[in-house]
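Visitor: Have a peek at run29.cif (mmCIF, C-alpha atoms).
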data_data
#
loop_
_atom_site.label_atom_id
_atom_site.label_comp_id
_atom_site.auth_asym_id
_atom_site.auth_seq_id
_atom_site.Cartn_x
_atom_site.Cartn_y
_atom_site.Cartn_z
CA MET A 642 15.44 -7.46 9.26
CA THR A 643 17.44 -8.82 6.37
CA PRO A 644 18.76 -7.12 3.17
CA SER A 645 16.05 -8.54 0.84
CA PHE A 646 13.36 -7.72 3.37
CA GLU A 647 14.58 -4.13 3.57
CA ALA A 648 14.87 -3.89 -0.23
CA LEU A 649 11.27 -5.04 -0.60
CA GLN A 650 10.13 -2.61 2.08
CA LYS A 651 11.92 0.21 0.25
CA GLN A 652 10.16 -0.65 -3.02
CA LEU A 653 6.76 -0.85 -1.32
CA LYS A 654 7.39 2.54 0.28
CA LEU A 655 7.62 4.05 -3.23
CA LEU A 656 3.95 3.21 -3.85
CA PRO A 657 1.62 6.19 -3.51
CA GLY A 658 0.26 6.68 0.01
CA VAL A 659 2.61 4.14 1.58
CA GLY A 660 4.89 5.23 4.42
CA TYR A 661 7.69 3.47 6.25
CA ARG A 662 5.44 1.64 8.71
CA SER A 663 2.87 0.56 6.12
CA ALA A 664 5.64 -0.72 3.86
CA GLU A 665 7.01 -2.77 6.75
CA ARG A 666 3.57 -4.21 7.50
CA MET A 667 3.11 -5.06 3.81
CA ALA A 668 6.52 -6.76 3.60
CA ILE A 669 5.75 -8.78 6.74
CA HIS A 670 2.36 -9.72 5.29
CA LEU A 671 3.88 -10.80 1.97
CA LEU A 672 6.91 -12.66 3.29
CA LEU A 673 5.82 -14.03 6.63
CA GLU A 674 2.08 -14.02 7.14
CA LYS A 675 0.72 -14.86 3.67
CA PRO A 676 3.56 -16.21 1.48
CA GLN A 677 0.96 -17.19 -1.15
CA SER A 678 -0.05 -13.54 -1.52
CA ALA A 679 3.53 -12.66 -2.50
CA GLU A 680 3.39 -15.26 -5.29
CA ASP A 681 -0.02 -13.98 -6.40
CA LEU A 682 1.09 -10.34 -6.38
CA LEU A 683 4.20 -11.31 -8.32
CA ALA A 684 2.12 -13.09 -10.97
CA SER A 685 -0.35 -10.23 -11.31
CA ILE A 686 2.40 -7.61 -11.70
CA GLN A 687 4.11 -9.76 -14.34
CA ALA A 688 0.84 -10.30 -16.22
CA ALA A 689 -0.09 -6.63 -16.07
CA ILE A 690 3.37 -5.45 -17.20
CA SER A 691 3.30 -7.77 -20.20
CA ARG A 692 -0.34 -7.24 -21.20
CA VAL A 693 -1.40 -3.70 -20.41
CA LYS A 694 -0.53 -1.25 -23.19
CA SER A 695 -1.57 2.17 -24.32
CA CYS A 696 -4.44 2.60 -26.82
CA PRO A 697 -2.75 4.10 -29.91
CA ASN A 698 -5.88 6.12 -30.58
CA CYS A 699 -6.70 7.88 -27.30
CA GLY A 700 -3.99 6.91 -24.77
CA ASN A 701 -6.31 4.89 -22.49
CA ILE A 702 -5.11 1.44 -21.39
CA CYS A 703 -6.00 -1.68 -23.36
CA GLU A 704 -4.85 -5.32 -23.52
CA GLU A 705 -5.34 -7.86 -26.25
CA GLU A 706 -7.40 -5.56 -28.46
CA ASP A 707 -5.88 -3.09 -30.95
CA LEU A 708 -7.90 -0.22 -29.50
CA CYS A 709 -9.34 0.33 -26.01
CA LYS A 710 -12.95 -0.55 -25.21
CA ILE A 711 -14.07 3.08 -25.43
CA CYS A 712 -12.55 3.68 -28.87
CA GLN A 713 -13.99 0.36 -30.07
CA ASN A 714 -17.53 1.30 -29.02
CA PRO A 715 -19.27 3.21 -31.86
CA LYS A 716 -21.91 4.50 -29.40
CA ARG A 717 -19.23 6.60 -27.67
CA ASN A 718 -18.97 8.79 -30.79
CA GLU A 719 -22.72 9.31 -31.26
CA ASP A 720 -22.59 12.83 -29.82
CA ALA A 721 -19.22 13.58 -31.47
CA ARG A 722 -17.73 14.79 -28.19
CA LEU A 723 -14.10 14.41 -27.17
CA CYS A 724 -13.02 14.91 -23.56
CA ILE A 725 -9.37 15.86 -23.05
CA VAL A 726 -7.81 14.63 -19.79
CA GLU A 727 -4.28 14.67 -18.42
CA HIS A 728 -3.92 11.06 -17.29
CA VAL A 729 -5.57 7.66 -17.65
CA SER A 730 -6.40 7.90 -13.96
CA ASP A 731 -8.51 11.01 -14.70
CA LEU A 732 -10.27 9.08 -17.46
CA MET A 733 -11.06 6.30 -14.96
CA VAL A 734 -12.59 8.75 -12.52
CA MET A 735 -14.67 10.34 -15.30
CA GLU A 736 -15.89 6.88 -16.38
CA LYS A 737 -16.82 5.91 -12.85
CA SER A 738 -18.84 9.10 -12.37
CA GLY A 739 -21.13 7.87 -15.16
CA SER A 740 -21.68 11.46 -16.27
CA TYR A 741 -19.92 11.30 -19.64
CA ASP A 742 -20.43 8.91 -22.54
CA GLY A 743 -18.26 10.37 -25.29
CA LEU A 744 -14.70 9.74 -26.44
CA TYR A 745 -11.48 10.66 -24.62
CA HIS A 746 -8.07 11.95 -25.48
CA VAL A 747 -5.34 11.42 -22.87
CA LEU A 748 -2.61 14.07 -23.04
CA GLY A 749 -0.30 12.25 -20.64
CA GLY A 750 0.50 15.53 -18.89
CA LYS A 751 0.02 19.25 -19.24
CA LEU A 752 2.12 22.08 -20.62
CA SER A 753 4.65 23.39 -18.14
CA PRO A 754 7.19 25.81 -19.64
CA ILE A 755 8.92 26.10 -16.25
CA ASN A 756 9.59 22.33 -16.32
CA GLY A 757 10.42 22.34 -20.01
CA ILE A 758 7.25 20.45 -21.01
CA GLY A 759 6.03 21.73 -24.37
CA PRO A 760 3.37 20.52 -26.86
CA ASN A 761 5.75 17.91 -28.27
CA ASP A 762 6.17 16.30 -24.86
CA ILE A 763 2.47 15.49 -24.47
CA ASN A 764 0.09 13.56 -26.71
CA PHE A 765 -1.02 16.65 -28.64
CA ALA A 766 0.03 16.05 -32.26
CA SER A 767 -2.57 13.30 -32.73
CA LEU A 768 -5.43 15.52 -31.52
CA LYS A 769 -6.21 17.38 -34.74
CA PRO A 770 -6.25 14.24 -36.94
CA ARG A 771 -8.58 12.59 -34.39
CA ILE A 772 -10.98 15.56 -34.43
CA GLU A 773 -11.15 15.32 -38.22
CA LYS A 774 -11.39 11.54 -38.38
CA ASN A 775 -14.17 11.30 -35.78
CA SER A 776 -15.92 14.51 -36.96
CA ILE A 777 -15.81 15.80 -33.39
CA SER A 778 -18.12 18.75 -32.75
CA GLU A 779 -17.24 19.51 -29.10
CA ILE A 780 -13.95 19.36 -27.23
CA ILE A 781 -14.40 19.24 -23.44
CA LEU A 782 -11.27 20.23 -21.52
CA ALA A 783 -11.23 18.32 -18.22
CA LEU A 784 -7.84 19.47 -16.94
CA THR A 785 -6.70 20.36 -13.44
CA ASN A 786 -7.76 23.76 -12.15
CA ASP A 787 -4.24 25.16 -11.79
CA ILE A 788 -1.89 27.44 -13.72
CA GLU A 789 -0.51 24.68 -15.94
CA GLY A 790 -4.00 23.35 -16.66
CA GLU A 791 -5.02 26.89 -17.56
CA ALA A 792 -2.02 27.30 -19.89
CA THR A 793 -2.75 23.96 -21.56
CA CYS A 794 -6.39 24.95 -22.15
CA HIS A 795 -5.31 28.26 -23.69
CA TYR A 796 -2.80 26.54 -25.92
CA ILE A 797 -5.33 23.96 -27.15
CA GLY A 798 -7.93 26.69 -27.67
CA ASP A 799 -5.49 28.68 -29.84
CA ALA A 800 -4.22 25.63 -31.72
CA LEU A 801 -7.74 24.51 -32.64
CA SER A 802 -9.11 27.98 -33.43
CA ASP A 803 -9.07 27.23 -37.18
CA MET A 804 -11.24 24.12 -36.74
CA ASP A 805 -15.02 23.95 -36.73
CA VAL A 806 -15.28 22.66 -33.17
CA THR A 807 -16.77 24.03 -29.95
CA ILE A 808 -14.25 24.06 -27.10
CA THR A 809 -15.53 24.02 -23.51
CA ARG A 810 -13.88 23.61 -20.14
CA ILE A 811 -15.51 21.86 -17.17
CA GLY A 812 -16.95 24.15 -14.48
CA PHE A 813 -15.20 25.19 -11.29
CA GLY A 814 -16.67 25.98 -7.91
CA LEU A 815 -17.69 24.40 -4.63
CA PRO A 816 -17.39 20.58 -4.72
CA SER A 817 -20.38 18.40 -3.86
CA GLY A 818 -20.91 18.58 -0.09
CA GLY A 819 -18.34 21.37 0.13
CA SER A 820 -19.02 23.99 2.79
CA ILE A 821 -18.11 27.66 2.50
CA LEU A 822 -16.44 27.37 5.90
CA TYR A 823 -13.72 25.00 4.72
CA SER A 824 -13.27 26.39 1.20
CA ASP A 825 -10.02 27.98 0.14
CA PRO A 826 -10.00 31.52 -1.31
CA VAL A 827 -9.20 30.37 -4.88
CA THR A 828 -12.11 27.92 -4.94
CA LEU A 829 -14.44 30.60 -3.59
CA LYS A 830 -13.28 33.01 -6.28
CA SER A 831 -13.90 30.35 -8.98
CA ALA A 832 -17.32 29.65 -7.48
CA LEU A 833 -18.24 33.35 -7.43
CA ASP A 834 -17.01 33.81 -11.01
CA ALA A 835 -19.09 30.80 -12.07
CA ARG A 836 -22.31 31.98 -10.41
CA LYS A 837 -25.58 31.46 -12.28
CA SER A 838 -28.97 33.07 -11.89
CA ILE A 839 -31.55 30.75 -10.31
CA MET B 1029 -9.82 -0.70 -16.93
CA THR B 1030 -8.57 -3.98 -18.34
CA PRO B 1031 -8.57 -7.54 -16.89
CA SER B 1032 -4.86 -7.56 -15.90
CA PHE B 1033 -5.17 -4.09 -14.43
CA GLU B 1034 -8.12 -5.20 -12.32
CA ALA B 1035 -6.33 -8.42 -11.30
CA LEU B 1036 -3.34 -6.39 -10.12
CA GLN B 1037 -5.60 -3.96 -8.27
CA LYS B 1038 -7.30 -6.91 -6.54
CA GLN B 1039 -3.95 -8.32 -5.39
CA LEU B 1040 -2.78 -4.92 -4.12
CA LYS B 1041 -6.04 -4.54 -2.21
CA LEU B 1042 -5.13 -7.68 -0.22
CA LEU B 1043 -2.14 -5.88 1.32
CA PRO B 1044 -2.74 -4.67 4.87
CA GLY B 1045 -4.18 -1.16 5.09
CA VAL B 1046 -4.93 -0.92 1.36
CA GLY B 1047 -8.48 -0.19 0.22
CA TYR B 1048 -10.08 -0.14 -3.21
CA ARG B 1049 -9.05 3.42 -4.06
CA SER B 1050 -5.46 3.05 -2.80
CA ALA B 1051 -5.08 -0.18 -4.77
CA GLU B 1052 -6.27 1.61 -7.89
CA ARG B 1053 -3.81 4.45 -7.32
CA MET B 1054 -1.00 1.95 -6.78
CA ALA B 1055 -1.86 0.01 -9.95
CA ILE B 1056 -1.94 3.26 -11.95
CA HIS B 1057 1.40 4.26 -10.43
CA LEU B 1058 2.98 0.90 -11.25
CA LEU B 1059 1.59 0.42 -14.74
CA LEU B 1060 1.19 3.92 -16.10
CA GLU B 1061 3.09 6.55 -14.15
CA LYS B 1062 6.31 4.74 -13.16
CA PRO B 1063 6.65 1.54 -15.22
CA GLN B 1064 10.20 1.13 -13.87
CA SER B 1065 8.84 0.88 -10.33
CA ALA B 1066 6.76 -2.15 -11.36
CA GLU B 1067 9.91 -3.88 -12.60
CA ASP B 1068 11.76 -2.93 -9.42
CA LEU B 1069 8.95 -4.13 -7.16
CA LEU B 1070 8.77 -7.36 -9.14
CA ALA B 1071 12.50 -7.95 -8.70
CA SER B 1072 12.44 -7.19 -4.98
CA ILE B 1073 9.50 -9.53 -4.33
CA GLN B 1074 11.23 -12.30 -6.27
CA ALA B 1075 14.50 -11.76 -4.40
CA ALA B 1076 12.79 -11.65 -1.03
CA ILE B 1077 10.71 -14.78 -1.71
CA SER B 1078 13.77 -16.76 -2.70
CA ARG B 1079 16.16 -15.45 -0.03
CA VAL B 1080 14.24 -14.74 3.17
CA LYS B 1081 13.85 -17.84 5.35
CA SER B 1082 13.07 -18.65 8.93
CA CYS B 1083 15.88 -18.98 11.51
CA PRO B 1084 15.73 -22.67 12.57
CA ASN B 1085 16.72 -21.64 16.08
CA CYS B 1086 14.35 -18.81 17.06
CA GLY B 1087 11.93 -18.28 14.15
CA ASN B 1088 13.21 -14.79 13.23
CA ILE B 1089 13.94 -14.11 9.55
CA CYS B 1090 17.39 -14.65 8.07
CA GLU B 1091 18.95 -14.90 4.60
CA GLU B 1092 22.27 -16.39 3.58
CA GLU B 1093 23.34 -17.26 7.13
CA ASP B 1094 22.38 -20.51 8.88
CA LEU B 1095 21.07 -18.60 11.90
CA CYS B 1096 19.65 -15.08 12.21
CA LYS B 1097 21.84 -12.16 13.29
CA ILE B 1098 20.46 -12.24 16.84
CA CYS B 1099 21.14 -15.96 17.38
CA GLN B 1100 24.63 -15.53 15.86
CA ASN B 1101 25.55 -12.76 18.29
CA PRO B 1102 27.02 -14.26 21.51
CA LYS B 1103 26.44 -10.94 23.34
CA ARG B 1104 22.69 -11.50 23.10
CA ASN B 1105 22.97 -14.45 25.50
CA GLU B 1106 25.12 -12.66 28.11
CA ASP B 1107 22.17 -12.15 30.44
CA ALA B 1108 20.65 -15.57 29.59
CA ARG B 1109 17.23 -14.03 28.88
CA LEU B 1110 14.78 -15.32 26.30
CA CYS B 1111 11.85 -13.19 25.16
CA ILE B 1112 8.86 -15.11 23.74
CA VAL B 1113 6.86 -13.26 21.07
CA GLU B 1114 4.00 -14.28 18.79
CA HIS B 1115 5.29 -13.05 15.44
CA VAL B 1116 8.47 -11.84 13.74
CA SER B 1117 6.76 -8.44 13.44
CA ASP B 1118 6.57 -8.27 17.26
CA LEU B 1119 10.28 -9.11 17.42
CA MET B 1120 10.99 -6.25 15.00
CA VAL B 1121 9.09 -3.78 17.16
CA MET B 1122 10.92 -4.98 20.29
CA GLU B 1123 14.26 -4.59 18.50
CA LYS B 1124 13.43 -1.09 17.33
CA SER B 1125 12.48 -0.02 20.85
CA GLY B 1126 16.09 -0.67 21.85
CA SER B 1127 14.91 -1.77 25.31
CA TYR B 1128 15.84 -5.45 25.07
CA ASP B 1129 19.17 -7.07 24.24
CA GLY B 1130 18.55 -10.76 24.92
CA LEU B 1131 17.48 -13.69 22.74
CA TYR B 1132 14.04 -14.29 21.22
CA HIS B 1133 11.75 -17.20 20.57
CA VAL B 1134 9.02 -16.67 17.96
CA LEU B 1135 5.95 -18.84 18.59
CA GLY B 1136 4.34 -18.05 15.25
CA GLY B 1137 0.97 -17.61 16.94
CA LYS B 1138 -0.75 -18.18 20.25
CA LEU B 1139 -2.88 -20.96 21.69
CA SER B 1140 -6.52 -20.69 20.67
CA PRO B 1141 -8.60 -23.76 21.58
CA ILE B 1142 -11.65 -22.17 19.95
CA ASN B 1143 -9.80 -22.04 16.61
CA GLY B 1144 -8.24 -25.45 17.16
CA ILE B 1145 -4.72 -24.08 17.66
CA GLY B 1146 -2.90 -26.19 20.22
CA PRO B 1147 0.75 -26.39 21.40
CA ASN B 1148 1.70 -28.52 18.38
CA ASP B 1149 0.51 -25.83 15.98
CA ILE B 1150 2.92 -23.21 17.30
CA ASN B 1151 6.72 -23.26 17.67
CA PHE B 1152 6.60 -24.61 21.23
CA ALA B 1153 8.36 -28.01 21.15
CA SER B 1154 11.77 -26.40 20.52
CA LEU B 1155 11.45 -24.07 23.52
CA LYS B 1156 12.59 -26.46 26.28
CA PRO B 1157 15.69 -27.69 24.38
CA ARG B 1158 16.62 -24.04 23.72
CA ILE B 1159 16.30 -23.10 27.38
CA GLU B 1160 18.62 -25.95 28.28
CA LYS B 1161 21.09 -25.38 25.48
CA ASN B 1162 21.43 -21.62 26.13
CA SER B 1163 21.21 -22.01 29.96
CA ILE B 1164 18.40 -19.44 29.98
CA SER B 1165 17.66 -18.02 33.42
CA GLU B 1166 14.66 -15.78 32.59
CA ILE B 1167 11.80 -16.22 30.16
CA ILE B 1168 10.02 -12.94 29.32
CA LEU B 1169 6.55 -13.45 27.87
CA ALA B 1170 5.81 -10.56 25.47
CA LEU B 1171 2.44 -11.74 24.18
CA THR B 1172 -0.69 -9.78 23.34
CA ASN B 1173 -2.78 -8.66 26.29
CA ASP B 1174 -5.89 -10.66 25.35
CA ILE B 1175 -7.54 -13.94 26.36
CA GLU B 1176 -5.50 -16.09 23.99
CA GLY B 1177 -2.26 -14.38 25.05
CA GLU B 1178 -3.26 -15.04 28.65
CA ALA B 1179 -3.98 -18.73 27.93
CA THR B 1180 -0.64 -19.10 26.12
CA CYS B 1181 1.24 -17.56 29.06
CA HIS B 1182 -0.49 -19.92 31.49
CA TYR B 1183 0.28 -22.93 29.33
CA ILE B 1184 3.96 -21.98 29.00
CA GLY B 1185 4.17 -21.27 32.75
CA ASP B 1186 2.78 -24.74 33.54
CA ALA B 1187 4.88 -26.52 30.92
CA LEU B 1188 8.11 -24.97 32.21
CA SER B 1189 7.30 -25.32 35.94
CA ASP B 1190 9.78 -28.19 36.30
CA MET B 1191 12.66 -26.10 34.92
CA ASP B 1192 14.97 -23.83 36.87
CA VAL B 1193 13.91 -20.66 35.07
CA THR B 1194 12.19 -17.43 36.13
CA ILE B 1195 9.13 -16.67 34.03
CA THR B 1196 7.91 -13.06 33.75
CA ARG B 1197 5.33 -11.32 31.64
CA ILE B 1198 5.67 -7.73 30.37
CA GLY B 1199 3.68 -5.09 32.28
CA PHE B 1200 0.26 -3.78 31.34
CA GLY B 1201 -1.19 -0.35 31.89
CA LEU B 1202 -1.50 3.08 30.35
CA PRO B 1203 0.64 3.40 27.18
CA SER B 1204 3.18 6.21 26.88
CA GLY B 1205 1.30 9.45 26.31
CA GLY B 1206 -2.00 7.69 27.07
CA SER B 1207 -4.60 9.78 28.82
CA ILE B 1208 -7.12 8.44 31.33
CA LEU B 1209 -9.84 10.19 29.29
CA TYR B 1210 -9.39 7.98 26.23
CA SER B 1211 -8.50 4.74 28.01
CA ASP B 1212 -10.77 1.72 27.76
CA PRO B 1213 -12.03 0.02 30.96
CA VAL B 1214 -9.85 -3.09 30.52
CA THR B 1215 -6.67 -1.03 30.18
CA LEU B 1216 -7.63 1.01 33.24
CA LYS B 1217 -8.23 -2.17 35.23
CA SER B 1218 -4.79 -3.51 34.16
CA ALA B 1219 -3.21 -0.18 35.08
CA LEU B 1220 -4.86 -0.15 38.51
CA ASP B 1221 -3.87 -3.79 39.16
CA ALA B 1222 -0.28 -2.93 38.17
CA ARG B 1223 -0.01 0.14 40.44
CA LYS B 1224 3.26 0.72 42.28
CA SER B 1225 4.08 2.83 45.31
CA ILE B 1226 6.10 5.93 44.47
#
Show me the file's structure as structure tokens.

Guide:
Amino acid sequence: MTPSFEALQKQLKLLPGVGYRSAERMAIHLLLEKPQSAEDLLASIQAAISRVKSCPNCGNICEEEDLCKICQNPKRNEDARLCIVEHVSDLMVMEKSGSYDGLYHVLGGKLSPINGIGPNDINFASLKPRIEKNSISEIILALTNDIEGEATCHYIGDALSDMDVTITRIGFGLPSGGSILYSDPVTLKSALDARKSI
Amino acid sequence: MTPSFEALQKQLKLLPGVGYRSAERMAIHLLLEKPQSAEDLLASIQAAISRVKSCPNCGNICEEEDLCKICQNPKRNEDARLCIVEHVSDLMVMEKSGSYDGLYHVLGGKLSPINGIGPNDINFASLKPRIEKNSISEIILALTNDIEGEATCHYIGDALSDMDVTITRIGFGLPSGGSILYSDPVTLKSALDARKSI
């Protein structure tokens, strides 16, 4: 192994879900087995770095356009709903589920006093103006089910209490296909708390 | 998702062991979560593409030097052994095992008449001159234990029959930690054929 090979392997290992062995296999693939794929990957990273930017409205990704496709689509505001998510990746998962057709607002994180992350460190300031501008009637909080997600929901709920908007948070409980046997105690507690009469 | 994002995801998906979801996670990581890592990966691919080349002697990778580190090291020829492997990745695994300290010869593939791969399509022509030049006394064939590996070993054995060199092939059998219970029939047959008195 040579210095540049090892440097490339080290960079590949930083990708999520990639360990030492996978990074080595990838470096071998790129440099030795399919040299063309290294050129192609290079070109696509360069293109993506230069083109992909953040939608100034919601925080989703966009390219040539001024706003992202969702913000551009007037149909997405028909029900005047705004879903608040932590990251663009969460937005992507929501979109793929096909179960939501409203607007989004990407916070870019969640409040974490212990890590020194306050309201000014996330994309919060633009939320109120957006609610007014789009005449939003319902805010759906789709944040992680953990302490920081909880704190962020409380903060947003308090901060928007003077606005004429319904604030909801997505439900918690057993995931689809989830068995009681393999559920953790916290999930089971959420599921029990969220029980409904049938 | 935007066109450049999807193009990058598609390129990442071509890496070995990377599926659709992993490629998406990687693209998100590179473009949204850690933009610096995209720049770093870009730089390391560029550097590796321009620097890493093939050792003209054995086929291993090298960089600035004329020959790879193994060919440069006179100690590696003390026992006058030459290990023939298919790919540089095989050489790397052999090196990491620490169980071999001789020279290598990377074929860059194996004979496969069915796929039209003959002796001229692999790094075979330079083998005889190397054996003579380095006064090699033993050729160790470390090729895959499959039909094409078998055919390649036979071909090399025949082609070198007029030379004063011992030709061996690495042993086959149960891998380290391998249990009889989970062994396939072909491995068990190899293991039985390779039995030794104790």

Visitor: Taking into account all atoms listed in the file, which residue in the set B:Val1214, B:Ala1153, B:Leu1171, B:Leu1060 is nearest to Ala1187 (chain B)?

Guide: B:Ala1153

Visitor: Tell me as JSON, numbers by chain which residues belonging to chain A come within 8 Å of chain B, counting only C-alpha atoms.

Guide: {"A": [642, 643, 644, 645, 646, 648, 649, 652, 653, 655, 656, 657, 658, 663, 666, 667, 669, 670, 671, 672, 673, 676, 678, 679, 681, 682, 683, 685, 686, 687, 688, 689, 690, 692, 693, 702, 703, 704, 729, 730, 733]}

Visitor: Would you mind exporting C-alpha atoms of the selected residues as a compact mmCIF listing (two decimals), in the frame of the given file?

Guide:
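Heads up, here's the output in selection_6.txt:
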# COMPACT_ATOMS: atom_id res chain seq x y z
CA MET A 642 15.44 -7.46 9.26
CA THR A 643 17.44 -8.82 6.37
CA PRO A 644 18.76 -7.12 3.17
CA SER A 645 16.05 -8.54 0.84
CA PHE A 646 13.36 -7.72 3.37
CA ALA A 648 14.87 -3.89 -0.23
CA LEU A 649 11.27 -5.04 -0.60
CA GLN A 652 10.16 -0.65 -3.02
CA LEU A 653 6.76 -0.85 -1.32
CA LEU A 655 7.62 4.05 -3.23
CA LEU A 656 3.95 3.21 -3.85
CA PRO A 657 1.62 6.19 -3.51
CA GLY A 658 0.26 6.68 0.01
CA SER A 663 2.87 0.56 6.12
CA ARG A 666 3.57 -4.21 7.50
CA MET A 667 3.11 -5.06 3.81
CA ILE A 669 5.75 -8.78 6.74
CA HIS A 670 2.36 -9.72 5.29
CA LEU A 671 3.88 -10.80 1.97
CA LEU A 672 6.91 -12.66 3.29
CA LEU A 673 5.82 -14.03 6.63
CA PRO A 676 3.56 -16.21 1.48
CA SER A 678 -0.05 -13.54 -1.52
CA ALA A 679 3.53 -12.66 -2.50
CA ASP A 681 -0.02 -13.98 -6.40
CA LEU A 682 1.09 -10.34 -6.38
CA LEU A 683 4.20 -11.31 -8.32
CA SER A 685 -0.35 -10.23 -11.31
CA ILE A 686 2.40 -7.61 -11.70
CA GLN A 687 4.11 -9.76 -14.34
CA ALA A 688 0.84 -10.30 -16.22
CA ALA A 689 -0.09 -6.63 -16.07
CA ILE A 690 3.37 -5.45 -17.20
CA ARG A 692 -0.34 -7.24 -21.20
CA VAL A 693 -1.40 -3.70 -20.41
CA ILE A 702 -5.11 1.44 -21.39
CA CYS A 703 -6.00 -1.68 -23.36
CA GLU A 704 -4.85 -5.32 -23.52
CA VAL A 729 -5.57 7.66 -17.65
CA SER A 730 -6.40 7.90 -13.96
CA MET A 733 -11.06 6.30 -14.96

Visitor: Convert the output of the PyMOL selection byres ((chain A and resi 813-824) around 12) on the shown file into explicit residues, formatted as a VMD selection string.

Guide: chain A and resid 783 to 787 810 to 812 825 to 837

Visitor: Please compute the CA of Leu1188 (chain B)-CA of Ile1142 (chain B) distance, one decimal, in Å.

Guide: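 Computing the Euclidean distance for CA of Leu1188 (chain B) and CA of Ile1142 (chain B) yields 23.4 Å.
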
Visitor: Would you translate the PyMOL selection byres ((chain A and resi 713) around 12) into the concrete set of residues it matches in this file, as a PDB file with C-alpha atoms, in the coordinates of the input?

Guide:
ATOM      1  CA  CYS A 696      -4.440   2.600 -26.820  1.00  0.00           C
ATOM      2  CA  PRO A 697      -2.750   4.100 -29.910  1.00  0.00           C
ATOM      3  CA  ASN A 698      -5.880   6.120 -30.580  1.00  0.00           C
ATOM      4  CA  CYS A 699      -6.700   7.880 -27.300  1.00  0.00           C
ATOM      5  CA  ASN A 701      -6.310   4.890 -22.490  1.00  0.00           C
ATOM      6  CA  CYS A 703      -6.000  -1.680 -23.360  1.00  0.00           C
ATOM      7  CA  GLU A 706      -7.400  -5.560 -28.460  1.00  0.00           C
ATOM      8  CA  ASP A 707      -5.880  -3.090 -30.950  1.00  0.00           C
ATOM      9  CA  LEU A 708      -7.900  -0.220 -29.500  1.00  0.00           C
ATOM     10  CA  CYS A 709      -9.340   0.330 -26.010  1.00  0.00           C
ATOM     11  CA  LYS A 710     -12.950  -0.550 -25.210  1.00  0.00           C
ATOM     12  CA  ILE A 711     -14.070   3.080 -25.430  1.00  0.00           C
ATOM     13  CA  CYS A 712     -12.550   3.680 -28.870  1.00  0.00           C
ATOM     14  CA  ASN A 714     -17.530   1.300 -29.020  1.00  0.00           C
ATOM     15  CA  PRO A 715     -19.270   3.210 -31.860  1.00  0.00           C
ATOM     16  CA  LYS A 716     -21.910   4.500 -29.400  1.00  0.00           C
ATOM     17  CA  ARG A 717     -19.230   6.600 -27.670  1.00  0.00           C
ATOM     18  CA  ASN A 718     -18.970   8.790 -30.790  1.00  0.00           C
ATOM     19  CA  GLY A 743     -18.260  10.370 -25.290  1.00  0.00           C
ATOM     20  CA  LEU A 744     -14.700   9.740 -26.440  1.00  0.00           C
ATOM     21  CA  TYR A 745     -11.480  10.660 -24.620  1.00  0.00           C
TER      22      TYR A 745
END
